[in-house]
Amino acid sequence: MAETKKTHALKARLPRGLVDRHAGQIKASEKMLATIREVYERYGFEPVETPLIEYTDALGKFLPDQDRPNEGVFSFQDDDEQWLSLRYDLTAPLARYVAENFEALPKPYRSYRAGWVFRNEKPGPGRFRQFMQFDADTVGAASPAADAEMCMMMADTLEALGIPRGQYVIRVNNRKVLDGVMEAIGLAGEDKASQRLTVLRAIDKLDKFGVEGVRLLLGAGRKDESGDFTKGADLDEAQIIELLQVVGADEKHIVSLQDAARFDAADDDEVVKAGDASSVVLNSLVLDEWEVILSRSESGRQGLAELREIAALLKSAGYGTKRVRISPSVVRGLEYYTGPVFEAELLFETVNDDGQPARFGSVGGGGRYDGLVGRFRSEPVPATGFSIGVSRLMAALSALGEISVEAEAGPVVVTVFDRDRMGDYQRMVKALRDAGIRAELYLGGSGPKAQLKYADRRNSPCVIIQGGDELAKGVVQIKDLAAGKAAAASVSDNAAWREERPGQFEVPEAELVAAVRGIIEGARA
RNA sequence: GCAGCUGUAGCUCAGUUGGUUAGAGCGUCGGAUUGUGGCUCCGAAGGUCGGUGGUUCGAGCCCACCCAGCUGUACCA
């Protein structure tokens, strides 16, 4: 028999871009999902679930002019050679579901769902190849009221999760506005399509590179810090100025506090302090700012009208710019959004692993996708929705101290000091379980020391000990591990520590359950 | 994809101009203490030095290529 060397053992390794989740993380995320669900239910949305796998054509991810799916999606062929893919978001599968069950569903159809999605691309910090999204969508409502509701619901959700008002903002824009501006500066027409894409990508990077970086990307191009060069959109100076007038207009939609009453500002509107003066951020002002340039194009006028309606509805419902703000640099996905787009951004800073201050940034987004369901049907079907990045939001919440991924209390451990009496120990475990207390019998083969160590690692509230001495007296020893740890701090001598048995007391076996309950409830208080 | 940086024990890292048997701390396991967590002390296990080829009497160290990871950037439904 050949000698089996350890070095030949199969290496246990997690594929890159994927994560294991331990008990604390799972419980924390379940709690978080429950909170989100509650908000959505309150808005009248109902759950629906679709599978992780769809036909690739339903996801719309075949490469153009090729019989192969996009590399970014995990795909494989069925027995009949049809391509299947792991879903890469929850929107395309919903569109498939709605189209397939169109007659049976009440419309407008409001639904929500949480689930894993997969992207086969390079992982990075905070970017995984499998991650969870939590979506809500309204299908069959063309009214901007549906979009406004999405924004309000997103704001309510973040607050329900414990993110204070002012530490987040929902930014809203409209793709028709962006299209309108581009049209106005002479970028209309099929031949300019790729240039328009480059422009949109450049605008999307406003918060990353700032106005100057975007200016470079709109013009000749930009070199990053590793020396790599990104080619720009090649706009001329006049076009760039006009574009930035709309897109870089953030600082302009404010009015001085003295004038706020005249503009009917709400309490909930953002106030910006600069020196002695204070100014209020108003959604209506940024829209006024755009009026002239957008009037030059039909889609610009449309987009502006939709945003005005959204802004008015938000105001009526009492949502000021602290919560939802018209923001010209929001772009979102390039493929299917057709109207209003939204993004949920966290504003607070935290310290990352390297001690560098870091912003969480976007934790969710969405928008109107009027073409997506219609792909499956002969008539157009309007739809709007948004998606929350669950893992990212969870990282943010734990940084805020709103949730903890620390392991919570483990089960009570009944130790085995006498191997012949497993039945007796099992009976104690059963009694505890019947009383609704998490409890387990030590199932390993090690001695008392190891058993105590095990209970310590399980974060058990207490252990139950009954050796020969206790049996003779009809009692059990109960050791409160937390109390013992506290008492041990002042003891440095091991003999004394063992003699003292900190946190340990003796009760008649009949009082076992009551004594354990006392410890658990004491720890909770 | 492009660019830069980095690969030595489970983790964090030392390792001399290229010179015998590659080390430390932490962690793990065991013992002191077979009826008790922590502290302390003692001991043990754990390595194809990322891979392949080359230079050399001799490579963890030098060279080439490859692989992986990290960071930035591109793409991102």
# chains A, B, ... in the order shown; residues from 1 in each chain; ligands from 1
>>> residues_around(residues="Ala439 in chain A", least_positions_apart="4", cutoff="9 Å", atoms="only C-alpha atoms (C1' of nucleotides)", output="PyMOL selection string")
chain A and resi 410-414+429-430+432-433
>>> write_last_selection(atoms="C-alpha atoms", output="compact mmCIF listing (two decimals), in the first residue's frame")
# COMPACT_ATOMS: atom_id res chain seq x y z
CA GLY A 410 -25.02 29.09 21.93
CA PRO A 411 -26.89 26.17 23.45
CA VAL A 412 -26.61 24.93 27.00
CA VAL A 413 -24.11 22.07 26.97
CA VAL A 414 -24.77 19.00 29.09
CA VAL A 429 -31.11 17.69 27.49
CA LYS A 430 -34.62 16.66 26.62
CA LEU A 432 -34.27 21.64 28.70
CA ARG A 433 -35.46 21.40 25.11
>>> select_by_dssp(residues="range 86-281 of chain A", states="strand (DSSP E or B)", output="PyMOL selection string")
chain A and resi 86+109-118+124+127+130-139+168-174+221-223+229-231+254-256+271-274+277-281
>>> interface_residues(of="chain A", to="chain B", cutoff="6 Å", atoms="only C-alpha atoms (C1' of nucleotides)", output="number ranges by chain")
A: 226, 228, 449, 452-453, 456, 492
>>> residues_around(residues="Arg110 in chain A", least_positions_apart="4", cutoff="6 Å", atoms="only C-alpha atoms (C1' of nucleotides)", output="PyMOL selection string")
chain A and resi 45+137-138
>>> write_last_selection(atoms="N, CA, C and O atoms", output="mmCIF file, in the first residue's frame")
data_model
loop_
_atom_site.group_PDB
_atom_site.id
_atom_site.type_symbol
_atom_site.label_atom_id
_atom_site.label_comp_id
_atom_site.auth_asym_id
_atom_site.auth_seq_id
_atom_site.Cartn_x
_atom_site.Cartn_y
_atom_site.Cartn_z
ATOM 1 N N PHE A 45 -47.030 45.503 -1.540
ATOM 2 C CA PHE A 45 -46.353 44.589 -2.460
ATOM 3 C C PHE A 45 -46.457 43.161 -1.936
ATOM 4 O O PHE A 45 -46.594 42.947 -0.728
ATOM 5 N N ASP A 137 -40.977 45.792 -7.564
ATOM 6 C CA ASP A 137 -41.332 46.297 -8.891
ATOM 7 C C ASP A 137 -42.833 46.495 -9.009
ATOM 8 O O ASP A 137 -43.620 45.773 -8.405
ATOM 9 N N THR A 138 -43.203 47.497 -9.811
ATOM 10 C CA THR A 138 -44.599 47.684 -10.178
ATOM 11 C C THR A 138 -44.683 47.569 -11.692
ATOM 12 O O THR A 138 -44.055 48.342 -12.408
#
>>> residues_around(residues="U55 in chain B", least_positions_apart="5", cutoff="12 Å", atoms="only C-alpha atoms (C1' of nucleotides)", output="ChimeraX atom specification")
/B:18,62-64
>>> closest_residue(among="A:Leu334, A:Ala396, A:Ile437, A:Val280", to="Arg359 in chain A", atoms="only C-alpha atoms")
A:Ala396
>>> atom_distance(atom1="CA of Phe263 in chain A", atom2="CA of Leu282 in chain A")
8.4 Å
>>> atom_distance(atom1="CA of Phe134 in chain A", atom2="CA of Ser316 in chain A")
27.3 Å
>>> atom_distance(atom1="C1' of G58 in chain B", atom2="C1' of U16 in chain B")
16.8 Å
>>> select_by_dssp(residues="range 236-451 of chain A", states="alpha helix (DSSP H)", output="number ranges by chain")
A: 237-247, 283-294, 298-316, 390-400, 422-434, 448-451
>>> closest_residue(among="A:Arg308, A:Pro508, A:Glu402, A:Ala496", to="Ala472 in chain A", atoms="only C-alpha atoms")
A:Pro508
>>> residues_around(residues="G23 in chain B", least_positions_apart="4", cutoff="12 Å", atoms="only C-alpha atoms (C1' of nucleotides)", output="list in words")
U8, A9, C13, A14, G15 and G47 of chain B
>>> residues_around(residues="Tyr454 in chain A", least_positions_apart="3", cutoff="12 Å", atoms="only C-alpha atoms (C1' of nucleotides)", output="ChimeraX atom specification")
/A:410-415,440-451,457-460,462-463,481 /B:36-37
>>> residues_around(residues="Val39 in chain A", least_positions_apart="2", cutoff="10 Å", atoms="only C-alpha atoms (C1' of nucleotides)", output="VMD selection string")
chain A and resid 34 to 37 41 to 45 153 to 154 156 to 158 160 to 161
